[in-house]
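Before any comments, here is the structure.
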Amino acid sequence: MQVLEAIEGRSSAKKFSDQGVPASTIESLLRCAARAPDHGLLAPWRFVVLLDQGREVFAAALESALRRRHPEADAETVSRERSKAFRSPVLIVVATSVSSHPKVPDVEQVLAVGAAIENLILAARAAGLGTMWKTGGAAYDPTVKHALGLADTDQVAGFIHVGWPTEMKPVRAVDIGGVTRWVSNAGA
Ligand SMILES: Cc1cc2nc3c(=O)[nH]c(=O)nc-3n(C[C@H](O)[C@H](O)[C@H](O)COP(=O)(O)O)c2cc1C
């Protein structure tokens with residue numbers, strides 16, 4: 001698939017089949033992610049790949065984080081929260097691990113992780129896979145980070161669902177937000 005086609009026709013997957021994804025394909029997605037522009041070559045990304053029963057770790061973390069935030073949550077709410085872990089056969093948690101650097105501000109490291117996630121998403125699309133980038137309250141809950149083996153100082157940038165799509169969102173109309181100014185032949 002051509003790069004422009006991958007970008008222009010991208011949309012998120014709403015549903016996935018149960019079929020697994022080969023480990024070699026997942027590794028290739030991670031390599032593409034880590035190919036992102038990276039000021040200072042700090043590799044500020046951290047990846048946690050959850051497969052098969054590994055997703056249970058995430059489900060348990062989602063449940064305990066929900067119960068902590070909402071002790072009144074009923075069984076149906078808890079079950080809905082846990083089911084998020086099983087929406088796709090593969091879940092790649094991407095976190096930002098910012099290190100103090102004299103020339104690379106924190107925000108640039110966070111931006112590099114965003115670029116890495118987009119690389120991963122486009123590489124997945126080129127492989128025929130669908131993705132959905134999610135966050136929500138669990139992304140900001142320290143118990144979820146701990147359960148995933150991330151450091152206290154890491155920040156979850158996204159829970160990236162990956163799998164063979166059975167239903168895609170429509171490709172939306174894009175909004176470039178207007179162009180503030182075109183500058184050409186300045187001074188002419
Ligand atoms: C940092 C980030 C966090 C997101 N978190 C969520 C989320 O928690 N739930 C959700 O429905 N969409 C979330 N999205 C948006 C979806 O991934 C998706 O991009 C959006 O619904 C637009 O659909 P499209 O990708 O098909 O164009 C998030 C996107 C980003 C960049």
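How things are named: the first chain in the structure tokens is A, the next is B, and so on; residues count from 1 in each chain; ligands count from 1 in the order shown.
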
What does the list of residues within 9 Å of ligand 1 look like if you count only C-alpha atoms and all ligand atoms, written as JSON, numbers by chain? {"A": [10, 11, 12, 13, 14, 114, 117, 118, 131, 132, 133, 134, 135, 136, 137, 139, 157, 158, 159, 160, 168, 169, 170, 171, 172, 173, 174]}

As an mmCIF file with C-alpha atoms, in the first residue's frame, list the residues of range 36-157 of chain A assigned to alpha helix (DSSP H) by DSSP on the backbone atoms of this structure.
```
data_model
loop_
_atom_site.group_PDB
_atom_site.id
_atom_site.type_symbol
_atom_site.label_atom_id
_atom_site.label_comp_id
_atom_site.auth_asym_id
_atom_site.auth_seq_id
_atom_site.Cartn_x
_atom_site.Cartn_y
_atom_site.Cartn_z
ATOM 1 C CA GLY A 54 -2.274 -11.386 28.936
ATOM 2 C CA ARG A 55 -5.266 -9.144 28.352
ATOM 3 C CA GLU A 56 -6.669 -10.419 31.668
ATOM 4 C CA VAL A 57 -3.949 -8.399 33.437
ATOM 5 C CA PHE A 58 -5.351 -5.299 31.812
ATOM 6 C CA ALA A 59 -8.967 -6.276 32.541
ATOM 7 C CA ALA A 60 -8.128 -6.708 36.232
ATOM 8 C CA ALA A 61 -6.344 -3.346 36.264
ATOM 9 C CA LEU A 62 -9.302 -1.659 34.556
ATOM 10 C CA GLU A 63 -11.632 -3.152 37.141
ATOM 11 C CA SER A 64 -9.601 -2.085 40.161
ATOM 12 C CA ALA A 65 -9.034 1.398 38.735
ATOM 13 C CA LEU A 66 -12.764 1.776 38.091
ATOM 14 C CA ARG A 67 -13.649 0.571 41.591
ATOM 15 C CA ARG A 68 -11.170 3.062 43.016
ATOM 16 C CA ARG A 69 -12.599 5.965 41.014
ATOM 17 C CA ALA A 75 -21.739 -5.257 38.185
ATOM 18 C CA GLU A 76 -22.789 -4.222 34.693
ATOM 19 C CA THR A 77 -20.529 -1.160 34.728
ATOM 20 C CA VAL A 78 -17.610 -3.258 35.973
ATOM 21 C CA SER A 79 -18.235 -5.883 33.310
ATOM 22 C CA ARG A 80 -18.375 -3.214 30.580
ATOM 23 C CA GLU A 81 -15.086 -1.750 31.806
ATOM 24 C CA ARG A 82 -13.376 -5.172 31.875
ATOM 25 C CA SER A 83 -14.622 -5.978 28.374
ATOM 26 C CA ASP A 106 9.671 17.155 27.757
ATOM 27 C CA VAL A 107 7.074 18.209 25.203
ATOM 28 C CA GLU A 108 9.321 17.154 22.322
ATOM 29 C CA GLN A 109 9.639 13.702 23.840
ATOM 30 C CA VAL A 110 5.865 13.439 24.150
ATOM 31 C CA LEU A 111 5.521 14.542 20.519
ATOM 32 C CA ALA A 112 7.954 11.818 19.448
ATOM 33 C CA VAL A 113 5.748 9.219 21.133
ATOM 34 C CA GLY A 114 2.712 10.596 19.298
ATOM 35 C CA ALA A 115 4.625 10.252 16.036
ATOM 36 C CA ALA A 116 5.573 6.691 17.002
ATOM 37 C CA ILE A 117 1.937 5.792 17.574
ATOM 38 C CA GLU A 118 0.917 7.184 14.211
ATOM 39 C CA ASN A 119 3.720 5.197 12.546
ATOM 40 C CA LEU A 120 2.437 2.083 14.290
ATOM 41 C CA ILE A 121 -1.132 2.782 13.161
ATOM 42 C CA LEU A 122 -0.135 3.341 9.535
ATOM 43 C CA ALA A 123 2.141 0.295 9.493
ATOM 44 C CA ALA A 124 -0.740 -1.765 10.842
ATOM 45 C CA ARG A 125 -2.974 -0.449 8.073
ATOM 46 C CA ALA A 126 -0.382 -1.365 5.456
ATOM 47 C CA PRO A 142 -1.556 4.961 38.577
ATOM 48 C CA THR A 143 -2.862 1.472 39.435
ATOM 49 C CA VAL A 144 -3.183 0.682 35.722
ATOM 50 C CA LYS A 145 0.387 1.810 35.098
ATOM 51 C CA HIS A 146 1.634 -0.372 37.944
ATOM 52 C CA ALA A 147 -0.267 -3.406 36.694
#
```

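Minimum atom-to-atom distances from A:Ser97, A:Leu30, A:Ile7, A:Val162 to Ala43 in chain A were compared using only C-alpha atoms, and the lowest value belongs to A:Ser97.
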
For CA of Thr25 in chain A and CA of Val94 in chain A, the interatomic separation in Å (one decimal): 16.8 Å

Glu27 in chain A environment, 12 Å, only C-alpha atoms, sequence neighbours closer than 6 positions dropped, as a count of residues only: 10

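Summary of the local environment: counting only C-alpha atoms, residues at most 7 Å from Lys15 in chain A, other than itself and those fewer than 6 positions away along its chain, are A:Pro165, A:Thr166, A:Glu167, A:Met168.
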
Residues from last step as file, N, CA and C atoms, as an mmCIF file, in the first residue's frame:
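Heads up, here's the output in part.cif:
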```cif
data_model
loop_
_atom_site.group_PDB
_atom_site.id
_atom_site.type_symbol
_atom_site.label_atom_id
_atom_site.label_comp_id
_atom_site.auth_asym_id
_atom_site.auth_seq_id
_atom_site.Cartn_x
_atom_site.Cartn_y
_atom_site.Cartn_z
ATOM 1 N N PRO A 165 -9.774 -6.159 11.264
ATOM 2 C CA PRO A 165 -11.038 -5.430 11.469
ATOM 3 C C PRO A 165 -12.226 -6.131 10.822
ATOM 4 N N THR A 166 -13.349 -6.098 11.505
ATOM 5 C CA THR A 166 -14.604 -6.574 10.913
ATOM 6 C C THR A 166 -15.550 -5.398 10.678
ATOM 7 N N GLU A 167 -15.276 -4.286 11.312
ATOM 8 C CA GLU A 167 -16.071 -3.074 11.080
ATOM 9 C C GLU A 167 -15.187 -1.853 11.297
ATOM 10 N N MET A 168 -15.187 -0.987 10.287
ATOM 11 C CA MET A 168 -14.372 0.232 10.363
ATOM 12 C C MET A 168 -15.273 1.445 10.550
#
```

Run DSSP on the backbone and grab whatever in range 23-155 of chain A lands in strand (DSSP E or B); send it over as number ranges by chain. A: 45-51, 90-96, 130-134, 155

Could you save those same residues with C-alpha atoms as a CSV table (one decimal), in the first residue's frame?
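Done, and the output landed in selection28.csv:
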```csv
chain,number,residue,atom,x,y,z
A,45,TRP,CA,8.5,5.3,24.1
A,46,ARG,CA,7.6,2.2,26.1
A,47,PHE,CA,5.5,-0.6,24.7
A,48,VAL,CA,3.5,-3.2,26.6
A,49,VAL,CA,2.0,-5.9,24.3
A,50,LEU,CA,-1.0,-7.7,25.7
A,51,LEU,CA,-2.1,-10.9,23.9
A,90,VAL,CA,-3.8,-7.5,20.6
A,91,LEU,CA,-3.6,-4.4,22.8
A,92,ILE,CA,-0.4,-2.3,22.6
A,93,VAL,CA,-0.1,0.1,25.5
A,94,VAL,CA,2.2,2.9,24.5
A,95,ALA,CA,3.7,5.1,27.2
A,96,THR,CA,5.9,8.1,27.3
A,130,GLY,CA,-7.1,-2.2,12.0
A,131,THR,CA,-6.4,-0.1,15.0
A,132,MET,CA,-8.2,2.1,17.5
A,133,TRP,CA,-6.3,4.5,19.8
A,134,LYS,CA,-8.0,4.9,23.2
A,155,GLN,CA,2.6,8.5,31.1
```
